[in-house]
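This is run_37.txt (compact mmCIF, C-alpha atoms and all ligand atoms).
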```
# COMPACT_ATOMS: atom_id res chain seq x y z
CA MET L 26 67.11 102.73 194.97
CA SER L 27 68.01 99.15 195.88
CA GLN L 28 70.50 98.52 198.61
CA ALA L 29 74.15 98.29 197.63
CA LEU L 30 75.63 94.84 197.42
CA ARG L 31 78.09 94.06 200.17
CA VAL L 32 81.50 92.52 199.90
CA THR L 33 82.11 91.92 203.57
CA ASP L 34 82.51 88.17 203.84
CA LYS L 35 85.91 86.93 204.94
CA LYS L 36 85.99 84.73 201.91
CA LEU L 37 83.92 86.17 199.15
CA ASP L 38 81.44 83.50 198.17
CA ASN L 39 80.29 82.73 194.66
CA LYS L 40 76.91 84.31 195.27
CA VAL L 41 78.39 87.75 195.99
CA GLN L 42 80.67 87.46 192.99
CA ALA L 43 77.69 86.53 190.84
CA ASP L 44 75.85 89.66 191.99
CA ILE L 45 78.63 91.85 190.59
CA GLY L 46 78.34 91.76 186.83
CA LYS L 47 81.57 93.52 186.02
CA VAL L 48 84.30 95.71 187.40
CA VAL L 49 85.07 98.65 185.13
CA CYS L 50 88.49 100.21 185.67
CA VAL L 51 89.79 103.59 184.58
CA GLY L 52 93.38 104.07 183.50
CA ARG L 53 95.22 107.37 183.86
CA ASN L 54 92.58 109.34 185.75
CA TYR L 55 95.27 111.27 187.62
CA ALA L 56 97.86 113.23 185.62
CA ALA L 57 100.66 112.55 188.12
CA HIS L 58 100.16 108.77 187.80
CA ALA L 59 100.09 108.94 183.99
CA HIS L 60 103.40 110.80 184.14
CA GLU L 61 105.05 108.37 186.58
CA LEU L 62 104.52 105.50 184.12
CA GLY L 63 105.55 107.62 181.14
CA ASN L 64 102.03 107.66 179.65
CA ALA L 65 100.25 110.53 177.93
CA VAL L 66 97.22 112.18 179.54
CA LEU L 67 94.11 111.28 177.53
CA SER L 68 91.16 113.37 176.40
CA SER L 69 88.66 110.58 177.14
CA PRO L 70 88.91 107.92 179.86
CA LEU L 71 90.88 104.74 179.19
CA LEU L 72 88.58 101.87 180.21
CA PHE L 73 89.25 98.21 180.87
CA MET L 74 87.53 95.53 182.95
CA LYS L 75 88.21 92.93 185.56
CA PRO L 76 85.95 89.86 185.86
CA ALA L 77 83.95 89.20 189.02
CA SER L 78 86.14 86.10 189.50
CA SER L 79 89.10 88.40 190.29
CA ILE L 80 87.38 89.99 193.32
CA VAL L 81 88.56 89.22 196.84
CA SER L 82 87.78 90.90 200.14
CA ILE L 83 90.50 92.93 201.85
CA HIS L 84 89.79 90.84 204.94
CA ASN L 85 91.85 88.07 203.37
CA ASP L 86 95.63 88.14 202.99
CA ILE L 87 96.73 89.49 199.62
CA ILE L 88 98.15 86.70 197.51
CA ARG L 89 100.38 87.63 194.57
CA PRO L 90 100.91 85.47 191.50
CA ASP L 91 104.32 83.78 191.86
CA PRO L 92 106.87 86.58 191.17
CA SER L 93 109.42 84.07 189.82
CA VAL L 94 106.93 83.18 187.08
CA TYR L 95 104.89 86.35 186.55
CA GLY L 96 107.18 89.16 187.73
CA ASP L 97 106.24 91.94 190.14
CA THR L 98 102.70 92.69 191.29
CA HIS L 99 102.02 96.42 191.69
CA TYR L 100 99.45 97.94 194.03
CA GLU L 101 97.10 100.68 192.80
CA ALA L 102 94.82 102.08 195.51
CA GLU L 103 91.56 103.40 194.08
CA LEU L 104 88.27 104.91 195.13
CA CYS L 105 85.55 102.43 194.12
CA ILE L 106 81.87 102.99 193.40
CA GLN L 107 79.10 100.40 193.28
CA LEU L 108 75.93 101.11 191.37
CA ALA L 109 72.49 100.54 192.86
CA ALA L 110 70.72 101.17 189.54
CA ASP L 111 71.30 100.55 185.85
CA LEU L 112 72.85 103.34 183.77
CA SER L 113 72.72 103.70 179.98
CA ASP L 114 73.44 106.94 178.13
CA ALA L 115 73.12 108.65 181.50
CA THR L 116 73.60 112.25 182.54
CA ALA L 117 75.94 113.18 185.37
CA GLU L 118 72.88 113.82 187.55
CA GLN L 119 71.49 110.34 186.85
CA ALA L 120 74.90 108.86 187.61
CA GLN L 121 74.99 110.63 190.96
CA GLN L 122 71.59 109.16 191.87
CA ALA L 123 72.72 105.63 190.92
CA ILE L 124 75.64 105.41 193.37
CA GLY L 125 74.86 102.73 195.94
CA GLY L 126 78.16 102.17 197.71
CA VAL L 127 81.62 103.63 198.10
CA THR L 128 84.83 101.97 199.23
CA LEU L 129 88.51 101.59 198.48
CA GLY L 130 90.07 98.88 196.40
CA LEU L 131 93.37 97.69 195.04
CA ASP L 132 93.71 97.24 191.29
CA LEU L 133 96.53 94.69 191.42
CA THR L 134 98.62 94.63 188.28
CA LEU L 135 101.37 92.39 186.94
CA ARG L 136 103.32 95.42 185.75
CA GLU L 137 106.10 93.71 183.79
CA LEU L 138 103.61 91.51 181.99
CA GLN L 139 101.38 94.53 181.31
CA SER L 140 104.34 96.39 179.78
CA GLN L 141 105.07 93.42 177.51
CA LEU L 142 101.41 93.18 176.47
CA LYS L 143 101.23 96.93 175.78
CA ALA L 144 104.42 96.80 173.70
CA SER L 145 102.90 93.98 171.63
CA GLY L 146 99.59 95.77 171.21
CA HIS L 147 97.82 93.00 173.10
CA PRO L 148 94.97 93.34 175.62
CA TRP L 149 95.83 93.47 179.33
CA GLU L 150 93.71 90.70 180.82
CA ARG L 151 96.66 88.48 181.67
CA ALA L 152 98.09 91.32 183.79
CA LYS L 153 94.87 92.61 185.37
CA CYS L 154 92.33 89.77 185.71
CA PHE L 155 94.04 87.02 187.70
CA ASN L 156 92.29 85.58 190.77
CA GLY L 157 92.67 88.14 193.55
CA ALA L 158 93.49 91.05 191.21
CA CYS L 159 90.55 93.13 192.49
CA VAL L 160 90.77 93.65 196.26
CA LEU L 161 87.71 95.40 197.72
CA ALA L 162 87.13 96.83 201.19
CA ASP L 163 83.67 97.15 202.78
CA TRP L 164 80.99 99.21 201.09
CA LEU L 165 80.06 102.48 202.80
CA ASP L 166 76.81 104.39 202.45
CA PRO L 167 77.22 107.16 199.83
CA GLN L 168 75.09 109.40 202.06
CA SER L 169 78.05 109.61 204.44
CA PHE L 170 79.99 111.56 201.79
CA ASN L 171 79.07 115.20 201.39
CA ASP L 172 80.80 115.76 198.11
CA PHE L 173 82.30 113.15 195.79
CA THR L 174 84.45 115.80 194.16
CA GLN L 175 86.50 116.13 197.35
CA VAL L 176 87.15 112.65 198.72
CA THR L 177 90.63 111.97 200.04
CA TYR L 178 92.08 108.53 200.72
CA GLN L 179 95.45 107.02 201.53
CA LEU L 180 97.44 103.82 201.22
CA TYR L 181 100.14 103.16 203.80
CA ILE L 182 102.56 100.25 203.46
CA ASN L 183 104.50 99.31 206.59
CA ASP L 184 103.28 102.63 208.08
CA GLU L 185 104.76 104.68 205.24
CA LEU L 186 102.41 106.82 203.12
CA LYS L 187 102.63 105.49 199.55
CA GLN L 188 99.54 106.90 197.84
CA ASP L 189 97.57 110.01 198.75
CA GLY L 190 94.41 110.23 196.64
CA ASP L 191 92.13 113.22 196.19
CA SER L 192 89.12 112.94 193.90
CA ALA L 193 89.41 116.69 193.22
CA LEU L 194 92.49 115.81 191.11
CA MET L 195 90.68 113.32 188.88
CA LEU L 196 90.91 114.21 185.19
CA PHE L 197 87.42 112.70 184.78
CA PRO L 198 85.38 113.44 187.95
CA ILE L 199 83.15 110.69 189.30
CA TYR L 200 79.67 111.69 188.07
CA GLU L 201 80.90 112.67 184.61
CA LEU L 202 83.05 109.54 184.50
CA LEU L 203 80.10 107.23 185.26
CA ALA L 204 77.98 109.03 182.68
CA GLU L 205 80.73 108.76 180.07
CA ILE L 206 81.17 105.02 180.70
CA SER L 207 77.41 104.51 180.35
CA HIS L 208 77.61 106.00 176.87
CA ALA L 209 80.27 103.44 175.90
CA PHE L 210 78.33 100.46 177.30
CA SER L 211 75.52 99.85 179.78
CA LEU L 212 76.27 99.69 183.46
CA GLN L 213 74.05 97.54 185.65
CA ALA L 214 73.10 97.57 189.31
CA GLY L 215 75.86 95.79 191.19
CA ASP L 216 78.63 96.81 188.79
CA VAL L 217 81.76 98.24 190.39
CA ILE L 218 83.82 101.12 188.99
CA MET L 219 87.45 101.52 190.05
CA THR L 220 88.05 105.21 189.38
CA GLY L 221 91.80 105.20 188.77
CA THR L 222 94.91 105.39 190.90
CA PRO L 223 96.89 108.41 192.07
CA SER L 224 100.69 108.49 191.80
CA GLY L 225 102.88 106.38 194.05
CA VAL L 226 102.21 102.90 192.65
CA GLY L 227 104.85 100.28 193.39
CA ILE L 228 105.76 96.67 194.04
CA LEU L 229 104.12 94.48 196.69
CA GLN L 230 106.60 92.46 198.74
CA ALA L 231 105.87 89.39 200.87
CA GLY L 232 105.13 90.48 204.42
CA ASP L 233 104.06 94.03 203.53
CA GLN L 234 101.40 95.41 205.87
CA LEU L 235 98.86 97.50 203.98
CA ARG L 236 96.51 100.07 205.47
CA LEU L 237 93.83 101.75 203.35
CA MET L 238 92.21 104.86 204.82
CA LEU L 239 89.01 106.55 203.69
CA GLY L 240 87.96 109.32 206.05
CA GLU L 241 87.51 107.73 209.46
CA LYS L 242 87.43 104.20 208.07
CA GLN L 243 90.50 102.06 207.68
CA TRP L 244 91.23 98.53 206.59
CA GLN L 245 94.38 96.47 206.96
CA SER L 246 95.75 93.52 205.07
CA GLN L 247 99.06 91.79 204.60
CA VAL L 248 100.81 90.38 201.59
CA ARG L 249 101.68 86.72 201.42
ZN ZN L 301 94.11 101.05 188.23
```

structure tokens encoding of this file:
Amino acid sequence: MSQALRVTDKKLDNKVQADIGKVVCVGRNYAAHAHELGNAVLSSPLLFMKPASSIVSIHNDIIRPDPSVYGDTHYEAELCIQLAADLSDATAEQAQQAIGGVTLGLDLTLRELQSQLKASGHPWERAKCFNGACVLADWLDPQSFNDFTQVTYQLYINDELKQDGDSALMLFPIYELLAEISHAFSLQAGDVIMTGTPSGVGILQAGDQLRLMLGEKQWQSQVR
């Protein structure tokens, strides 16, 4: 297994971005989040992508698209996986073996624009792929996790708990999810999977102090 790629630079350079082929995101992987946005729970995962150009490190300030032009930016805290091996038509066991890194990320979303695009039947890229729309923390060794079916994580904003994630509540658990994606299209070493957000999403305001917590690790950032 090759070593996981690292997104630790203060300013993510082009080389690191180039090493990540794609970011695959999962919509509605927690029933409570589907319900809070008035969406139905699905029988197969809803998939979309973010380009590598949207990735920024959490060690930078979070910069929102101008709200007066684009409307509100929502945070979605998510458990993220990076692959250390290619996966095509994989089994859950093969998917488990391919995990090279684990971290938290923010799937930033222009929610009002997304709602307009959905209502028009248009794709979501304008709401999900802007520069800075994929915020990633530092990659952790998957060996430090005993069981991916029971990973808890939290997002605090201004010291208030906003999102409390538990992978046990995923509608599509991680290994099965990776396998399922690999049947829809090939995943490659370096690719990142954002596994969906729990309930509690909301608007980012200028000056907000964010704290992401994954076990004993935590990362902080602020919104500009
Ligand atoms: Zn998301």

| task | Please provide as number ranges by chain all residues within 9 Å of Pro167 (chain L), with the sequence filter that same-chain residues fewer than 4 positions apart are discarded (counting only C-alpha atoms). | result | L: 106, 124-127, 171, 173

Output C-alpha atoms of each residue in that selection to a file, as a PDB file, keeping the file's coordinate frame.
```pdb
ATOM      1  CA  ILE L 106      81.870 102.990 193.400  1.00  0.00           C
ATOM      2  CA  ILE L 124      75.640 105.410 193.370  1.00  0.00           C
ATOM      3  CA  GLY L 125      74.860 102.730 195.940  1.00  0.00           C
ATOM      4  CA  GLY L 126      78.160 102.170 197.710  1.00  0.00           C
ATOM      5  CA  VAL L 127      81.620 103.630 198.100  1.00  0.00           C
ATOM      6  CA  ASN L 171      79.070 115.200 201.390  1.00  0.00           C
ATOM      7  CA  PHE L 173      82.300 113.150 195.790  1.00  0.00           C
TER       8      PHE L 173
END
```

Margin query: Neighbours of ligand ZN 301 (chain L) at 6 Å or closer, counting all atoms listed in the file: which residues, as a list in words?
Written below: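 After applying the 6 Å limit, what remains is Gly52, Glu101, Asp132, Gly221 and Thr222 of chain L.
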
Worksheet entry | Exercise: Gly225 (chain L) partners within 8 Å, only C-alpha atoms, chain neighbours under 2 positions left out, as a list in words | His58, Lys187, Gln188, Asp189, Pro223 and Gly227 of chain L

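Here CA of Tyr55 (chain L) is placed at a distance of 11.5 Å from CA of Leu71 (chain L).
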
Mind listing whatever residues come within 9 Å of the point (83.6, 112.3, 192.3)? Use all atoms listed in the file, file coordinates, and give them as a PDB file with C-alpha atoms, in the frame of the given file.
```pdb
ATOM      1  CA  GLN L 121      74.990 110.630 190.960  1.00  0.00           C
ATOM      2  CA  ASP L 172      80.800 115.760 198.110  1.00  0.00           C
ATOM      3  CA  PHE L 173      82.300 113.150 195.790  1.00  0.00           C
ATOM      4  CA  THR L 174      84.450 115.800 194.160  1.00  0.00           C
ATOM      5  CA  GLN L 175      86.500 116.130 197.350  1.00  0.00           C
ATOM      6  CA  VAL L 176      87.150 112.650 198.720  1.00  0.00           C
ATOM      7  CA  SER L 192      89.120 112.940 193.900  1.00  0.00           C
ATOM      8  CA  ALA L 193      89.410 116.690 193.220  1.00  0.00           C
ATOM      9  CA  MET L 195      90.680 113.320 188.880  1.00  0.00           C
ATOM     10  CA  PHE L 197      87.420 112.700 184.780  1.00  0.00           C
ATOM     11  CA  PRO L 198      85.380 113.440 187.950  1.00  0.00           C
ATOM     12  CA  ILE L 199      83.150 110.690 189.300  1.00  0.00           C
ATOM     13  CA  TYR L 200      79.670 111.690 188.070  1.00  0.00           C
ATOM     14  CA  GLU L 201      80.900 112.670 184.610  1.00  0.00           C
ATOM     15  CA  LEU L 202      83.050 109.540 184.500  1.00  0.00           C
ATOM     16  CA  THR L 220      88.050 105.210 189.380  1.00  0.00           C
TER      17      THR L 220
END
```

As AutoDock Vina command-line options: centre and edge lengths in Å, one decimal, of the axis-aligned box holding region 127-133 of chain L with 6 Å per side:
```
--center_x 89.1 --center_y 99.2 --center_z 195.3 --size_x 26.9 --size_y 20.9 --size_z 19.9
```

For Ile206 (chain L), list every protein, DNA or RNA residue within 9 Å, evaluated using all atoms listed in the file, and leave out those in the same chain fewer than 5 positions away; present the list as a PyMOL selection string.
chain L and resi 49+70+72+113-115+201+211-212

task: Rank L:Glu103, L:Asp191, L:Asp233, L:Asp163 by their smallest atom-to-atom distance to Asp86 (chain L), using only C-alpha atoms, and report the top residue only.
output: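 Ranked by minimum distance to Asp86 (chain L), first place goes to L:Asp233.
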
Checklist entry - Taking all atoms listed in the file into account, which of L:Ala158, L:Val217, L:Met238, L:Ala123 comes nearest Arg89 (chain L)? => result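 The shortest atom-to-atom distance to Arg89 (chain L) comes from L:Ala158.
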
(message) So that I can check the surroundings of Gly232 (chain L), please list as a PyMOL selection string every protein, DNA and RNA residue that reaches within 7 Å of it, counting only C-alpha atoms and ignoring chain neighbours fewer than 5 positions away.
(response) chain L and resi 247-249

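Between CA of Tyr181 (chain L) and CA of Leu237 (chain L) lies a distance of 6.5 Å.
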
Can I get the residues of region 34-121 of chain L within 12 Å of region 134-155 of chain L, each with the closest pair of atoms and their distance in Å to one decimal, using all atoms listed in the file, sorted chain first then ascending number, as a Markdown table?
```
| residue | atom | partner | partner_atom | distance |
| --- | --- | --- | --- | --- |
| L:Lys47 | CA | L:Cys154 | CA | 11.4 |
| L:Val48 | CA | L:Cys154 | CA | 10.1 |
| L:Val49 | CA | L:Cys154 | CA | 11.5 |
| L:Cys50 | CA | L:Lys153 | CA | 9.9 |
| L:Gly52 | CA | L:Trp149 | CA | 11.7 |
| L:Leu62 | CA | L:Ser140 | CA | 10.1 |
| L:Gly63 | CA | L:Ser140 | CA | 11.4 |
| L:Asn64 | CA | L:Lys143 | CA | 11.4 |
| L:Leu72 | CA | L:Trp149 | CA | 11.1 |
| L:Phe73 | CA | L:Trp149 | CA | 8.3 |
| L:Met74 | CA | L:Cys154 | CA | 8.0 |
| L:Lys75 | CA | L:Cys154 | CA | 5.2 |
| L:Pro76 | CA | L:Cys154 | CA | 6.4 |
| L:Ala77 | CA | L:Cys154 | CA | 9.0 |
| L:Ser78 | CA | L:Cys154 | CA | 8.1 |
| L:Ser79 | CA | L:Phe155 | CA | 5.7 |
| L:Ile80 | CA | L:Cys154 | CA | 9.1 |
| L:Val81 | CA | L:Phe155 | CA | 10.9 |
| L:Ile88 | CA | L:Phe155 | CA | 10.6 |
| L:Arg89 | CA | L:Leu135 | CA | 9.0 |
| L:Pro90 | CA | L:Phe155 | CA | 8.0 |
| L:Asp91 | CA | L:Leu135 | CA | 10.3 |
| L:Pro92 | CA | L:Leu135 | CA | 9.0 |
| L:Ser93 | CA | L:Glu137 | CA | 11.8 |
| L:Val94 | CA | L:Leu138 | CA | 10.3 |
| L:Tyr95 | CA | L:Leu135 | CA | 7.0 |
| L:Gly96 | CA | L:Glu137 | CA | 6.1 |
| L:Asp97 | CA | L:Leu135 | CA | 5.8 |
| L:Thr98 | CA | L:Leu135 | CA | 4.6 |
| L:His99 | CA | L:Thr134 | CA | 5.1 |
| L:Tyr100 | CA | L:Thr134 | CA | 6.7 |
| L:Glu101 | CA | L:Thr134 | CA | 7.7 |
| L:Ala102 | CA | L:Thr134 | CA | 11.1 |
```

Margin query: When you count only C-alpha atoms, which of these residues is closest to Ile218 (chain L): L:Asn183, L:Thr128, L:Gln234, L:Gln107?
Written below: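 Counting only C-alpha atoms, the residue closest to Ile218 (chain L) is L:Gln107.
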
Using all atoms listed in the file, which of L:Leu180, L:Leu239, L:Val160, L:Leu186 sits nearest Asn85 (chain L)?
->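 Of L:Leu180, L:Leu239, L:Val160, L:Leu186, the one nearest Asn85 (chain L) is L:Val160, counting all atoms listed in the file.
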
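Atom pair CA of Leu194 (chain L) / CA of Asp111 (chain L): separated by 26.6 Å.
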
Using all atoms listed in the file, the best pick from L:Asp166, L:Glu205, L:Ile182, L:Asp44 as closest to Leu235 (chain L) would be L:Ile182

Nearest to Gln245 (chain L), restricted to all atoms listed in the file and choosing among L:Ala120, L:Leu104, L:Leu161, L:Ala204, comes out as L:Leu161

Will you model N, CA, C and O atoms for region 173-198 of chain L and pass it back as a compact mmCIF listing (two decimals), keeping the file's coordinate frame?
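Contents of the output file result_32.txt:
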```txt
# COMPACT_ATOMS: atom_id res chain seq x y z
N PHE L 173 81.40 114.11 196.43
CA PHE L 173 82.30 113.15 195.79
C PHE L 173 83.43 113.82 195.02
O PHE L 173 84.35 113.15 194.57
N THR L 174 83.35 115.12 194.86
CA THR L 174 84.45 115.80 194.16
C THR L 174 85.60 116.13 195.11
O THR L 174 86.62 116.63 194.67
N GLN L 175 85.43 115.82 196.38
CA GLN L 175 86.50 116.13 197.35
C GLN L 175 86.65 115.01 198.36
O GLN L 175 86.54 115.22 199.56
N VAL L 176 86.93 113.80 197.85
CA VAL L 176 87.15 112.65 198.72
C VAL L 176 88.65 112.35 198.75
O VAL L 176 89.26 112.19 197.70
N THR L 177 89.20 112.31 199.94
CA THR L 177 90.63 111.97 200.04
C THR L 177 90.77 110.57 200.63
O THR L 177 89.93 110.11 201.42
N TYR L 178 91.83 109.89 200.25
CA TYR L 178 92.08 108.53 200.72
C TYR L 178 93.58 108.26 200.64
O TYR L 178 94.29 108.92 199.89
N GLN L 179 94.02 107.28 201.44
CA GLN L 179 95.45 107.02 201.53
C GLN L 179 95.74 105.52 201.55
O GLN L 179 94.93 104.74 202.05
N LEU L 180 96.90 105.17 201.04
CA LEU L 180 97.44 103.82 201.22
C LEU L 180 98.78 103.94 201.94
O LEU L 180 99.69 104.64 201.45
N TYR L 181 98.87 103.27 203.07
CA TYR L 181 100.14 103.16 203.80
C TYR L 181 100.64 101.73 203.65
O TYR L 181 99.86 100.77 203.71
N ILE L 182 101.94 101.58 203.44
CA ILE L 182 102.56 100.25 203.46
C ILE L 182 103.65 100.28 204.52
O ILE L 182 104.55 101.14 204.47
N ASN L 183 103.55 99.36 205.46
CA ASN L 183 104.50 99.31 206.59
C ASN L 183 104.60 100.69 207.25
O ASN L 183 105.69 101.18 207.55
N ASP L 184 103.44 101.32 207.42
CA ASP L 184 103.28 102.63 208.08
C ASP L 184 103.88 103.80 207.31
O ASP L 184 104.01 104.90 207.83
N GLU L 185 104.24 103.59 206.07
CA GLU L 185 104.76 104.68 205.24
C GLU L 185 103.70 105.06 204.20
O GLU L 185 103.16 104.18 203.52
N LEU L 186 103.41 106.36 204.10
CA LEU L 186 102.41 106.82 203.12
C LEU L 186 102.94 106.60 201.71
O LEU L 186 103.97 107.13 201.33
N LYS L 187 102.21 105.78 200.94
CA LYS L 187 102.63 105.49 199.55
C LYS L 187 101.75 106.20 198.53
O LYS L 187 102.23 106.62 197.48
N GLN L 188 100.44 106.25 198.79
CA GLN L 188 99.54 106.90 197.84
C GLN L 188 98.58 107.80 198.61
O GLN L 188 98.01 107.39 199.63
N ASP L 189 98.41 109.00 198.10
CA ASP L 189 97.57 110.01 198.75
C ASP L 189 96.60 110.49 197.68
O ASP L 189 96.95 111.30 196.83
N GLY L 190 95.38 109.95 197.69
CA GLY L 190 94.41 110.23 196.64
C GLY L 190 93.48 111.37 197.01
O GLY L 190 93.14 111.57 198.18
N ASP L 191 93.07 112.11 196.00
CA ASP L 191 92.13 113.22 196.19
C ASP L 191 91.27 113.29 194.94
O ASP L 191 91.77 113.59 193.85
N SER L 192 89.98 113.00 195.09
CA SER L 192 89.12 112.94 193.90
C SER L 192 89.03 114.29 193.19
O SER L 192 88.65 114.35 192.03
N ALA L 193 89.40 115.37 193.88
CA ALA L 193 89.41 116.69 193.22
C ALA L 193 90.44 116.73 192.09
O ALA L 193 90.35 117.57 191.19
N LEU L 194 91.43 115.81 192.14
CA LEU L 194 92.49 115.81 191.11
C LEU L 194 92.19 114.86 189.96
O LEU L 194 93.00 114.70 189.05
N MET L 195 91.02 114.22 189.99
CA MET L 195 90.68 113.32 188.88
C MET L 195 90.52 114.09 187.58
O MET L 195 89.87 115.15 187.55
N LEU L 196 91.08 113.57 186.50
CA LEU L 196 90.91 114.21 185.19
C LEU L 196 89.47 114.07 184.73
O LEU L 196 88.93 114.95 184.06
N PHE L 197 88.83 112.94 185.11
CA PHE L 197 87.42 112.70 184.78
C PHE L 197 86.70 112.49 186.12
O PHE L 197 86.75 111.41 186.69
N PRO L 198 86.02 113.53 186.62
CA PRO L 198 85.38 113.44 187.95
C PRO L 198 84.27 112.38 187.97
O PRO L 198 83.73 112.01 186.92
```
